[in-house]
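Next up, work39.pdb (PDB, C-alpha atoms and all ligand atoms):
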```
ATOM      1  CA  MET A  26      93.725 109.682  72.971
ATOM      2  CA  HIS A  27      95.008 113.218  73.606
ATOM      3  CA  LEU A  28      92.770 115.491  75.611
ATOM      4  CA  MET A  29      93.093 119.220  76.051
ATOM      5  CA  THR A  30      92.263 119.055  79.751
ATOM      6  CA  SER A  31      94.798 120.643  82.053
ATOM      7  CA  ASN A  32      96.076 118.099  84.475
ATOM      8  CA  GLU A  33      98.062 120.271  86.804
ATOM      9  CA  LEU A  34      97.203 119.782  90.476
ATOM     10  CA  ARG A  35      97.674 122.896  92.563
ATOM     11  CA  THR A  36      95.003 122.835  95.271
ATOM     12  CA  VAL A  37      93.947 120.091  97.640
ATOM     13  CA  VAL A  38      90.708 120.788  99.501
ATOM     14  CA  VAL A  39      90.577 119.196 102.946
ATOM     15  CA  PRO A  40      87.128 119.139 104.543
ATOM     16  CA  ALA A  41      87.760 119.319 108.277
ATOM     17  CA  ALA A  42      84.664 121.026 109.646
ATOM     18  CA  GLY A  43      82.891 117.908 110.955
ATOM     19  CA  LEU A  44      81.848 117.555 114.563
ATOM     20  CA  GLY A  45      83.669 114.270 115.082
ATOM     21  CA  THR A  46      80.662 112.726 116.799
ATOM     22  CA  ARG A  47      81.989 109.190 116.314
ATOM     23  CA  PHE A  48      84.978 110.129 118.435
ATOM     24  CA  LEU A  49      83.444 111.788 121.472
ATOM     25  CA  PRO A  50      84.363 112.633 124.168
ATOM     26  CA  ALA A  51      87.889 113.301 122.810
ATOM     27  CA  THR A  52      86.533 115.541 120.050
ATOM     28  CA  LYS A  53      84.627 117.777 122.445
ATOM     29  CA  THR A  54      87.721 119.992 122.580
ATOM     30  CA  VAL A  55      90.289 118.344 120.273
ATOM     31  CA  PRO A  56      89.537 118.361 116.531
ATOM     32  CA  LYS A  57      89.775 114.751 115.306
ATOM     33  CA  GLU A  58      92.198 115.897 112.589
ATOM     34  CA  LEU A  59      94.699 116.675 115.368
ATOM     35  CA  LEU A  60      94.594 113.230 116.964
ATOM     36  CA  PRO A  61      98.027 111.683 116.467
ATOM     37  CA  VAL A  62      98.741 108.591 114.421
ATOM     38  CA  VAL A  63     101.797 107.504 116.439
ATOM     39  CA  ASP A  64     103.038 111.105 116.870
ATOM     40  CA  THR A  65     101.739 112.971 113.822
ATOM     41  CA  PRO A  66      98.254 114.482 113.514
ATOM     42  CA  GLY A  67      96.087 113.277 110.650
ATOM     43  CA  ILE A  68      96.041 116.777 109.144
ATOM     44  CA  GLU A  69      99.843 116.748 108.838
ATOM     45  CA  LEU A  70      99.760 113.340 107.156
ATOM     46  CA  ILE A  71      97.378 114.840 104.592
ATOM     47  CA  ALA A  72      99.660 117.852 104.090
ATOM     48  CA  LYS A  73     102.561 115.494 103.343
ATOM     49  CA  GLU A  74     100.475 113.396 100.971
ATOM     50  CA  ALA A  75      99.263 116.509  99.123
ATOM     51  CA  ALA A  76     102.787 117.934  98.823
ATOM     52  CA  GLN A  77     104.053 114.612  97.525
ATOM     53  CA  ALA A  78     101.332 114.651  94.855
ATOM     54  CA  GLY A  79     102.736 117.994  93.673
ATOM     55  CA  ALA A  80     100.080 120.307  95.114
ATOM     56  CA  GLU A  81     101.010 123.849  96.165
ATOM     57  CA  ARG A  82      98.379 124.468  98.766
ATOM     58  CA  LEU A  83      95.814 123.043 101.119
ATOM     59  CA  ALA A  84      92.445 124.737 101.380
ATOM     60  CA  ILE A  85      91.222 123.496 104.735
ATOM     61  CA  ILE A  86      87.504 123.798 105.387
ATOM     62  CA  THR A  87      87.197 124.463 109.100
ATOM     63  CA  ALA A  88      84.484 125.186 111.605
ATOM     64  CA  PRO A  89      84.520 128.150 114.021
ATOM     65  CA  LYS A  90      85.335 125.863 116.977
ATOM     66  CA  LYS A  91      88.279 124.140 115.282
ATOM     67  CA  GLN A  92      90.959 126.849 115.287
ATOM     68  CA  GLY A  93      93.609 124.413 116.513
ATOM     69  CA  ILE A  94      93.903 122.896 113.052
ATOM     70  CA  MET A  95      95.370 126.057 111.555
ATOM     71  CA  ALA A  96      97.506 126.636 114.665
ATOM     72  CA  HIS A  97      99.257 123.354 113.902
ATOM     73  CA  PHE A  98     100.733 124.937 110.764
ATOM     74  CA  ARG A  99     101.880 128.153 112.441
ATOM     75  CA  THR A 100     105.455 128.625 113.632
ATOM     76  CA  ASP A 101     105.835 128.466 117.404
ATOM     77  CA  ALA A 102     108.989 130.550 117.889
ATOM     78  CA  GLU A 103     109.077 130.057 121.652
ATOM     79  CA  LEU A 104     108.852 126.293 121.420
ATOM     80  CA  GLU A 105     111.512 126.200 118.721
ATOM     81  CA  ALA A 106     113.869 128.432 120.715
ATOM     82  CA  THR A 107     113.459 126.209 123.778
ATOM     83  CA  LEU A 108     114.139 123.023 121.821
ATOM     84  CA  GLU A 109     117.142 124.654 120.175
ATOM     85  CA  ALA A 110     118.577 125.849 123.501
ATOM     86  CA  ARG A 111     118.214 122.345 124.904
ATOM     87  CA  GLY A 112     119.848 120.757 121.878
ATOM     88  CA  LYS A 113     116.762 118.722 121.033
ATOM     89  CA  GLU A 114     117.479 118.476 117.318
ATOM     90  CA  ASP A 115     115.147 115.552 116.550
ATOM     91  CA  GLN A 116     112.154 117.215 118.173
ATOM     92  CA  LEU A 117     112.998 120.491 116.454
ATOM     93  CA  ALA A 118     112.980 118.731 113.090
ATOM     94  CA  LYS A 119     109.541 117.295 113.877
ATOM     95  CA  VAL A 120     108.147 120.706 114.831
ATOM     96  CA  ARG A 121     109.580 122.202 111.640
ATOM     97  CA  ALA A 122     108.415 119.402 109.335
ATOM     98  CA  THR A 123     105.523 121.492 108.014
ATOM     99  CA  ASP A 124     107.662 124.605 107.301
ATOM    100  CA  GLY A 125     107.650 125.249 103.568
ATOM    101  CA  LEU A 126     105.883 121.943 102.936
ATOM    102  CA  ILE A 127     102.755 123.443 101.423
ATOM    103  CA  ASP A 128     100.769 126.692 101.697
ATOM    104  CA  VAL A 129      97.767 126.399 103.964
ATOM    105  CA  ALA A 130      94.585 128.467 103.805
ATOM    106  CA  ALA A 131      91.478 128.204 105.972
ATOM    107  CA  ILE A 132      87.932 128.477 104.674
ATOM    108  CA  GLU A 133      85.276 128.610 107.340
ATOM    109  CA  GLN A 134      82.100 126.572 106.940
ATOM    110  CA  PRO A 135      79.706 128.340 109.305
ATOM    111  CA  GLU A 136      77.213 125.458 109.442
ATOM    112  CA  PRO A 137      77.566 121.703 108.844
ATOM    113  CA  LEU A 138      75.549 121.511 105.610
ATOM    114  CA  GLY A 139      77.357 118.506 104.134
ATOM    115  CA  LEU A 140      80.515 117.394 102.344
ATOM    116  CA  GLY A 141      79.318 118.761  99.000
ATOM    117  CA  HIS A 142      78.588 122.146 100.550
ATOM    118  CA  ALA A 143      82.030 122.183 102.195
ATOM    119  CA  ILE A 144      83.782 121.423  98.903
ATOM    120  CA  GLY A 145      81.702 124.072  97.111
ATOM    121  CA  LEU A 146      83.109 126.748  99.433
ATOM    122  CA  ALA A 147      86.560 126.221  97.891
ATOM    123  CA  GLU A 148      85.554 127.548  94.456
ATOM    124  CA  SER A 149      86.458 131.183  95.096
ATOM    125  CA  HIS A 150      89.883 130.104  96.389
ATOM    126  CA  LEU A 151      90.909 128.434  93.140
ATOM    127  CA  ALA A 152      92.683 130.445  90.461
ATOM    128  CA  GLU A 153      90.612 130.919  87.298
ATOM    129  CA  ASP A 154      92.835 128.637  85.251
ATOM    130  CA  GLU A 155      92.783 125.733  87.712
ATOM    131  CA  GLU A 156      90.772 123.189  85.787
ATOM    132  CA  CYS A 157      90.943 120.477  88.388
ATOM    133  CA  PHE A 158      91.579 120.130  92.099
ATOM    134  CA  ALA A 159      91.775 117.327  94.609
ATOM    135  CA  VAL A 160      89.792 116.555  97.733
ATOM    136  CA  MET A 161      91.443 114.532 100.481
ATOM    137  CA  LEU A 162      89.307 113.476 103.436
ATOM    138  CA  PRO A 163      91.515 113.385 106.527
ATOM    139  CA  ASP A 164      89.456 110.519 107.995
ATOM    140  CA  ASP A 165      90.790 108.220 105.305
ATOM    141  CA  LEU A 166      94.383 107.069 105.550
ATOM    142  CA  VAL A 167      95.220 105.515 102.176
ATOM    143  CA  LEU A 168      98.540 103.642 102.247
ATOM    144  CA  PRO A 169     101.038 103.544 100.722
ATOM    145  CA  TYR A 170     100.992 107.172  99.557
ATOM    146  CA  GLY A 171     100.801 107.792  95.831
ATOM    147  CA  ILE A 172      97.188 107.100  94.846
ATOM    148  CA  MET A 173      96.669 110.734  93.727
ATOM    149  CA  GLU A 174      99.572 110.457  91.286
ATOM    150  CA  THR A 175      97.867 107.455  89.681
ATOM    151  CA  MET A 176      94.561 109.348  89.608
ATOM    152  CA  LEU A 177      96.276 112.256  87.798
ATOM    153  CA  GLU A 178      97.537 109.804  85.153
ATOM    154  CA  VAL A 179      93.999 108.486  84.685
ATOM    155  CA  ARG A 180      92.642 112.017  84.203
ATOM    156  CA  GLN A 181      95.408 112.628  81.668
ATOM    157  CA  ARG A 182      94.213 109.555  79.775
ATOM    158  CA  TYR A 183      90.429 109.943  79.952
ATOM    159  CA  GLY A 184      89.749 113.523  81.095
ATOM    160  CA  GLY A 185      86.910 114.187  83.512
ATOM    161  CA  SER A 186      87.044 113.291  87.194
ATOM    162  CA  VAL A 187      88.741 110.412  88.956
ATOM    163  CA  LEU A 188      87.928 108.903  92.343
ATOM    164  CA  CYS A 189      89.611 106.356  94.554
ATOM    165  CA  ALA A 190      87.686 103.186  95.400
ATOM    166  CA  VAL A 191      88.161 100.210  97.677
ATOM    167  CA  GLU A 192      86.219  96.960  97.621
ATOM    168  CA  VAL A 193      84.322  96.615 100.892
ATOM    169  CA  PRO A 194      82.392  93.694 102.412
ATOM    170  CA  GLU A 195      78.688  93.731 101.503
ATOM    171  CA  GLU A 196      77.597  94.584 105.034
ATOM    172  CA  ASP A 197      79.588  97.831 104.849
ATOM    173  CA  VAL A 198      78.278  99.302 101.569
ATOM    174  CA  SER A 199      75.710 101.472 103.340
ATOM    175  CA  LYS A 200      78.516 103.489 104.973
ATOM    176  CA  TYR A 201      79.908 104.753 101.665
ATOM    177  CA  GLY A 202      79.351 106.370  98.311
ATOM    178  CA  VAL A 203      79.002 103.304  96.038
ATOM    179  CA  PHE A 204      79.865 103.073  92.325
ATOM    180  CA  ASP A 205      77.875 101.644  89.462
ATOM    181  CA  ILE A 206      80.657 100.192  87.311
ATOM    182  CA  ALA A 207      80.434 100.067  83.488
ATOM    183  CA  ALA A 208      79.954  96.461  82.292
ATOM    184  CA  ASP A 209      82.986  96.486  79.998
ATOM    185  CA  SER A 210      85.411  97.643  82.727
ATOM    186  CA  ASP A 211      87.673  94.612  82.937
ATOM    187  CA  ASP A 212      90.855  96.474  83.887
ATOM    188  CA  PRO A 213      91.216  95.511  87.583
ATOM    189  CA  GLN A 214      92.727  98.888  88.521
ATOM    190  CA  VAL A 215      90.900 101.531  86.465
ATOM    191  CA  LYS A 216      87.163 101.342  85.854
ATOM    192  CA  LYS A 217      84.662 103.593  84.152
ATOM    193  CA  VAL A 218      81.711 104.572  86.292
ATOM    194  CA  ASN A 219      78.084 104.820  85.132
ATOM    195  CA  GLY A 220      76.691 106.230  88.351
ATOM    196  CA  MET A 221      77.189 106.765  92.041
ATOM    197  CA  VAL A 222      74.887 106.554  95.057
ATOM    198  CA  GLU A 223      75.458 107.802  98.589
ATOM    199  CA  LYS A 224      75.131 105.246 101.386
ATOM    200  CA  PRO A 225      72.614 102.902  99.721
ATOM    201  CA  ASP A 226      70.855 100.032 101.471
ATOM    202  CA  LEU A 227      72.557  96.749 100.626
ATOM    203  CA  GLU A 228      69.740  95.696  98.272
ATOM    204  CA  ASP A 229      70.084  98.924  96.288
ATOM    205  CA  ALA A 230      73.891  98.978  96.131
ATOM    206  CA  PRO A 231      75.127  98.773  92.534
ATOM    207  CA  SER A 232      78.463  97.160  93.566
ATOM    208  CA  ASN A 233      80.796  96.825  96.512
ATOM    209  CA  PHE A 234      83.236  99.402  95.126
ATOM    210  CA  ALA A 235      83.148 102.202  97.700
ATOM    211  CA  ALA A 236      84.444 105.757  97.495
ATOM    212  CA  THR A 237      87.352 106.270  99.811
ATOM    213  CA  GLY A 238      88.392 109.809 100.596
ATOM    214  CA  ARG A 239      90.426 110.812  97.544
ATOM    215  CA  TYR A 240      88.804 112.758  94.700
ATOM    216  CA  LEU A 241      90.320 114.425  91.641
ATOM    217  CA  LEU A 242      87.552 116.677  90.416
ATOM    218  CA  ASP A 243      87.085 118.741  87.319
ATOM    219  CA  ARG A 244      86.076 122.262  88.327
ATOM    220  CA  GLN A 245      82.725 121.707  86.580
ATOM    221  CA  VAL A 246      81.736 120.098  89.885
ATOM    222  CA  PHE A 247      81.168 123.553  91.404
ATOM    223  CA  GLU A 248      78.421 124.269  88.911
ATOM    224  CA  ALA A 249      76.924 120.814  89.492
ATOM    225  CA  LEU A 250      76.953 121.460  93.245
ATOM    226  CA  THR A 251      74.819 124.568  92.776
ATOM    227  CA  ARG A 252      72.160 122.284  91.232
ATOM    228  CA  THR A 253      72.481 119.549  93.869
ATOM    229  CA  LYS A 254      69.589 119.297  96.323
ATOM    230  CA  PRO A 255      70.062 118.046  99.890
ATOM    231  CA  GLY A 256      70.323 114.252  99.841
ATOM    232  CA  LYS A 257      71.237 111.602 102.415
ATOM    233  CA  GLY A 258      70.952 113.020 105.938
ATOM    234  CA  GLY A 259      69.480 116.252 104.551
ATOM    235  CA  GLU A 260      73.005 117.322 103.511
ATOM    236  CA  ILE A 261      74.468 118.449 100.168
ATOM    237  CA  GLN A 262      76.408 115.360  99.080
ATOM    238  CA  ILE A 263      79.432 115.396  96.751
ATOM    239  CA  THR A 264      78.286 111.933  95.608
ATOM    240  CA  ASP A 265      75.033 113.433  94.271
ATOM    241  CA  ALA A 266      76.877 116.198  92.392
ATOM    242  CA  ILE A 267      79.147 113.590  90.766
ATOM    243  CA  GLU A 268      76.117 111.426  89.882
ATOM    244  CA  LEU A 269      74.536 114.505  88.258
ATOM    245  CA  MET A 270      77.675 115.141  86.198
ATOM    246  CA  ILE A 271      77.849 111.504  85.075
ATOM    247  CA  SER A 272      74.210 111.613  83.990
ATOM    248  CA  GLU A 273      75.095 114.616  81.808
ATOM    249  CA  GLY A 274      78.001 112.828  80.114
ATOM    250  CA  HIS A 275      80.976 113.850  82.273
ATOM    251  CA  PRO A 276      83.556 111.029  82.286
ATOM    252  CA  VAL A 277      84.232 109.568  85.731
ATOM    253  CA  HIS A 278      86.677 106.753  86.460
ATOM    254  CA  ILE A 279      87.820 105.050  89.620
ATOM    255  CA  VAL A 280      91.250 103.855  90.590
ATOM    256  CA  VAL A 281      90.830 100.738  92.713
ATOM    257  CA  HIS A 282      93.214 101.016  95.639
ATOM    258  CA  GLN A 283      95.002  97.732  96.335
ATOM    259  CA  GLY A 284      96.884  98.764  99.459
ATOM    260  CA  LYS A 285      95.737  99.543 102.974
ATOM    261  CA  ARG A 286      93.069 101.965 104.104
ATOM    262  CA  HIS A 287      92.220 103.018 107.634
ATOM    263  CA  ASP A 288      89.259 105.076 108.864
ATOM    264  CA  LEU A 289      90.658 107.534 111.386
ATOM    265  CA  GLY A 290      87.200 108.923 112.139
ATOM    266  CA  ASN A 291      86.238 106.290 114.714
ATOM    267  CA  PRO A 292      88.209 104.722 117.571
ATOM    268  CA  GLY A 293      88.264 101.207 116.029
ATOM    269  CA  GLY A 294      89.820 102.309 112.736
ATOM    270  CA  TYR A 295      92.048 104.860 114.419
ATOM    271  CA  ILE A 296      93.575 102.284 116.770
ATOM    272  CA  ARG A 297      94.327  99.970 113.849
ATOM    273  CA  ALA A 298      96.023 102.841 112.006
ATOM    274  CA  CYS A 299      98.135 103.661 115.066
ATOM    275  CA  VAL A 300      99.175 100.030 115.550
ATOM    276  CA  ASP A 301      99.850  99.570 111.845
ATOM    277  CA  MET A 302     102.067 102.645 111.597
ATOM    278  CA  ALA A 303     103.720 102.080 114.971
ATOM    279  CA  LEU A 304     104.737  98.564 113.899
ATOM    280  CA  GLU A 305     106.656 100.187 111.017
ATOM    281  CA  ASP A 306     108.230 102.796 113.279
ATOM    282  CA  GLU A 307     111.897 102.397 114.053
ATOM    283  CA  THR A 308     111.552 103.691 117.612
ATOM    284  CA  TYR A 309     108.407 101.845 118.673
ATOM    285  CA  GLY A 310     107.959  98.978 116.209
ATOM    286  CA  GLU A 311     110.002  96.173 117.703
ATOM    287  CA  SER A 312     108.922  96.533 121.322
ATOM    288  CA  LEU A 313     105.270  96.990 120.296
ATOM    289  CA  LYS A 314     105.411  93.774 118.272
ATOM    290  CA  GLN A 315     106.869  91.847 121.191
ATOM    291  CA  TRP A 316     104.284  93.233 123.587
ATOM    292  CA  LEU A 317     101.403  92.508 121.192
ATOM    293  CA  GLU A 318     102.529  88.912 120.738
ATOM    294  CA  GLN A 319     102.690  88.451 124.485
ATOM    295  CA  ARG A 320      99.358  90.210 125.049
ATOM    296  CA  LEU A 321      97.556  88.170 122.386
ATOM    297  CA  GLY A 322      98.936  84.977 123.880
ATOM    298  CA  GLU A 323      97.378  85.653 127.278
TER     299      GLU A 323
HETATM  300  C1  LIG B   1      82.039 110.423 103.000
HETATM  301  C2  LIG B   1      81.325 110.383 101.643
HETATM  302  C3  LIG B   1      81.171 108.946 101.171
HETATM  303  C4  LIG B   1      82.536 108.275 101.147
HETATM  304  C5  LIG B   1      83.208 108.369 102.529
HETATM  305  C6  LIG B   1      84.621 107.827 102.463
HETATM  306  O1  LIG B   1      81.168 109.864 103.958
HETATM  307  O2  LIG B   1      80.062 111.023 101.758
HETATM  308  O3  LIG B   1      80.607 108.933  99.885
HETATM  309  O4  LIG B   1      82.388 106.919 100.759
HETATM  310  O5  LIG B   1      83.271 109.723 102.970
HETATM  311  O6  LIG B   1      85.216 107.830 103.717
HETATM  312  P1  LIG B   1      81.395 110.041 105.560
HETATM  313  O7  LIG B   1      82.317 108.926 105.964
HETATM  314  O8  LIG B   1      81.998 111.382 105.756
HETATM  315  O9  LIG B   1      80.035 109.891 106.152
END
```

Output the file's structure as structure tokens, nothing else.
Ligand code: G1P
Amino acid sequence: MHLMTSNELRTVVVPAAGLGTRFLPATKTVPKELLPVVDTPGIELIAKEAAQAGAERLAIITAPKKQGIMAHFRTDAELEATLEARGKEDQLAKVRATDGLIDVAAIEQPEPLGLGHAIGLAESHLAEDEECFAVMLPDDLVLPYGIMETMLEVRQRYGGSVLCAVEVPEEDVSKYGVFDIAADSDDPQVKKVNGMVEKPDLEDAPSNFAATGRYLLDRQVFEALTRTKPGKGGEIQITDAIELMISEGHPVHIVVHQGKRHDLGNPGGYIRACVDMALEDETYGESLKQWLEQRLGE
């Protein structure tokens, strides 16, 4: 099937205006998107993932108190000069890793009115001919990188919008947006979706396929968001806007992620992510493994 939908990804919207309440007290002054996984803040990991998927710019939704996020992408000439004078080439390369990686723009969300509201703010920042855009939630670390490339292929094939899903244990469904899967979806990796519900009770959950934080959305979603009433938690939910679009015939598919996924938004998930990535790190991996083995044997 050949569809006339443009498939070019230019903008990745990164909602980063949340209060980080699951990570207090650290997030009282430090935005959770700046907490390091090994040595790199979550927001920089997202920038790398977005650049790798071919995007040209990040539109970061920030809150007035979270200025440090944008500062991370600004050049610090003094720091660079000091590192250069001291011959610290490796550290200099780390500090410069975001130079030229991707353009970064900030969009302020004055009040926490929900994920759907945050995403809606990005509309005026998209060029008129951008027919789709991505959303990457920095809380979700989806490994290995590359899921967005697969999602772009699925949009090329079926049009519409494409989301990333993971299968979660039943007891966890109420933490996620949950998909109602079409009965004839027997492809294990790509499934058509008949509906979507935000954080249902277990008895109401249509499946255990949960939305993880990667969305490839047709720009029609902005119009749907204007018709989306506050839902779960009294907030405008992106899940409800997508459900509305599906009910009006918009094609939505999921790509079922088979790799790893960590939730950086709470200490338990964050620590796992740090350990997981540190074990792969050439500087820290081997000694961490030895120490963990010894520690677990105690
Ligand atoms: C958000 C979405 C939810 C999705 C989740 C993935 O929830 O509302 O549908 O499943 O991200 O991480 P949050 O975790 O921000 O409450």

**OP:** Please provide the set of residues having any atom within 7 Å of Ile263 (chain A), restricted to only C-alpha atoms, with same-chain residues fewer than 4 positions apart removed, written as number ranges by chain.
**Re:** A: 140-141, 267

Dump as a PDB file, in the coordinates of the input, selection limited to C-alpha atoms:
```pdb
ATOM      1  CA  LEU A 140      80.515 117.394 102.344  1.00  0.00           C
ATOM      2  CA  GLY A 141      79.318 118.761  99.000  1.00  0.00           C
ATOM      3  CA  ILE A 267      79.147 113.590  90.766  1.00  0.00           C
TER       4      ILE A 267
END
```

**OP:** Throw together the list of residues within 7 Å of ligand LIG 1 (chain B), counting all atoms listed in the file, and drop it here as JSON, numbers by chain.
**Re:** {"A": [140, 162, 164, 165, 200, 201, 202, 203, 223, 224, 235, 236, 237, 238, 262, 263, 264]}

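Of the residues under consideration (A:Glu109, A:Asp243, A:Glu58, A:Glu248), A:Asp243 shows the shortest atom-to-atom contact distance to Asp154 (chain A) when counting all atoms listed in the file.
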
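Among the candidates A:His278, A:Lys90, A:His97, A:Lys285, the one nearest to Asp212 (chain A) when counting all atoms listed in the file is A:His278.
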
Original post:
For this file, the PyMOL selection byres (((chain A and resi 138) around 12) and not hetatm) selects which residues, as a ChimeraX atom specification?
Top reply: /A:40,42-44,88,134-137,139-146,254-263

**OP:** Select, from A:Glu133, A:Asp306, A:Asp124, A:Glu74, the residue with the minimum atom-to-atom distance to Ile86 (chain A), counting all atoms listed in the file.
**Re:**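 Looking only at the distances to Ile86 (chain A), the closest residue turns out to be A:Glu133.
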
Coords for region 273-292 of chain A, N, CA, C and O atoms, as a CSV table (one decimal), in the first residue's frame:
```csv
chain,number,residue,atom,x,y,z
A,273,GLU,N,-12.4,8.0,15.6
A,273,GLU,CA,-12.9,8.7,14.4
A,273,GLU,C,-12.2,8.2,13.2
A,273,GLU,O,-12.2,8.8,12.1
A,274,GLY,N,-11.5,7.0,13.3
A,274,GLY,CA,-11.0,6.3,12.2
A,274,GLY,C,-9.5,6.5,11.9
A,274,GLY,O,-9.0,6.0,10.9
A,275,HIS,N,-8.8,7.3,12.7
A,275,HIS,CA,-7.4,7.5,12.5
A,275,HIS,C,-6.6,6.2,12.8
A,275,HIS,O,-6.8,5.6,13.9
A,276,PRO,N,-5.8,5.7,11.8
A,276,PRO,CA,-5.0,4.5,12.1
A,276,PRO,C,-3.9,4.7,13.2
A,276,PRO,O,-3.1,5.6,13.1
A,277,VAL,N,-3.9,3.8,14.1
A,277,VAL,CA,-2.9,3.8,15.2
A,277,VAL,C,-2.3,2.4,15.3
A,277,VAL,O,-3.1,1.4,15.4
A,278,HIS,N,-1.0,2.3,15.3
A,278,HIS,CA,-0.4,1.0,15.5
A,278,HIS,C,0.6,1.1,16.6
A,278,HIS,O,1.1,2.2,16.9
A,279,ILE,N,1.0,-0.1,17.2
A,279,ILE,CA,2.1,-0.1,18.1
A,279,ILE,C,3.2,-0.9,17.6
A,279,ILE,O,3.0,-1.9,16.9
A,280,VAL,N,4.4,-0.5,18.0
A,280,VAL,CA,5.6,-1.4,17.8
A,280,VAL,C,5.9,-1.9,19.2
A,280,VAL,O,6.1,-1.1,20.2
A,281,VAL,N,5.9,-3.2,19.3
A,281,VAL,CA,6.2,-3.8,20.6
A,281,VAL,C,7.7,-3.9,20.8
A,281,VAL,O,8.4,-4.6,20.1
A,282,HIS,N,8.2,-3.2,21.8
A,282,HIS,CA,9.6,-3.2,22.1
A,282,HIS,C,10.1,-4.4,22.8
A,282,HIS,O,9.5,-4.8,23.8
A,283,GLN,N,11.1,-5.1,22.2
A,283,GLN,CA,11.5,-6.4,22.7
A,283,GLN,C,12.8,-6.2,23.6
A,283,GLN,O,13.2,-7.1,24.3
A,284,GLY,N,13.4,-5.0,23.6
A,284,GLY,CA,14.6,-4.8,24.4
A,284,GLY,C,14.3,-4.4,25.8
A,284,GLY,O,13.4,-4.8,26.4
A,285,LYS,N,15.2,-3.6,26.3
A,285,LYS,CA,15.1,-3.2,27.7
A,285,LYS,C,14.4,-1.8,27.8
A,285,LYS,O,14.4,-1.0,26.9
A,286,ARG,N,13.8,-1.6,29.0
A,286,ARG,CA,13.2,-0.3,29.2
A,286,ARG,C,13.4,0.0,30.7
A,286,ARG,O,13.1,-0.8,31.6
A,287,HIS,N,13.9,1.2,31.0
A,287,HIS,CA,14.0,1.6,32.4
A,287,HIS,C,13.2,2.9,32.6
A,287,HIS,O,13.1,3.8,31.8
A,288,ASP,N,12.6,3.0,33.8
A,288,ASP,CA,11.9,4.2,34.2
A,288,ASP,C,12.8,5.1,35.1
A,288,ASP,O,13.0,4.8,36.3
A,289,LEU,N,13.3,6.1,34.5
A,289,LEU,CA,14.2,7.0,35.2
A,289,LEU,C,13.5,8.0,36.2
A,289,LEU,O,14.1,8.7,36.9
A,290,GLY,N,12.2,7.9,36.2
A,290,GLY,CA,11.4,8.9,37.0
A,290,GLY,C,11.3,8.6,38.5
A,290,GLY,O,10.7,9.3,39.2
A,291,ASN,N,11.8,7.4,38.9
A,291,ASN,CA,11.7,7.0,40.3
A,291,ASN,C,13.0,6.4,40.7
A,291,ASN,O,13.7,5.8,39.8
A,292,PRO,N,13.4,6.5,41.9
A,292,PRO,CA,14.8,6.0,42.3
A,292,PRO,C,15.0,4.5,42.0
A,292,PRO,O,16.1,4.1,41.5
```
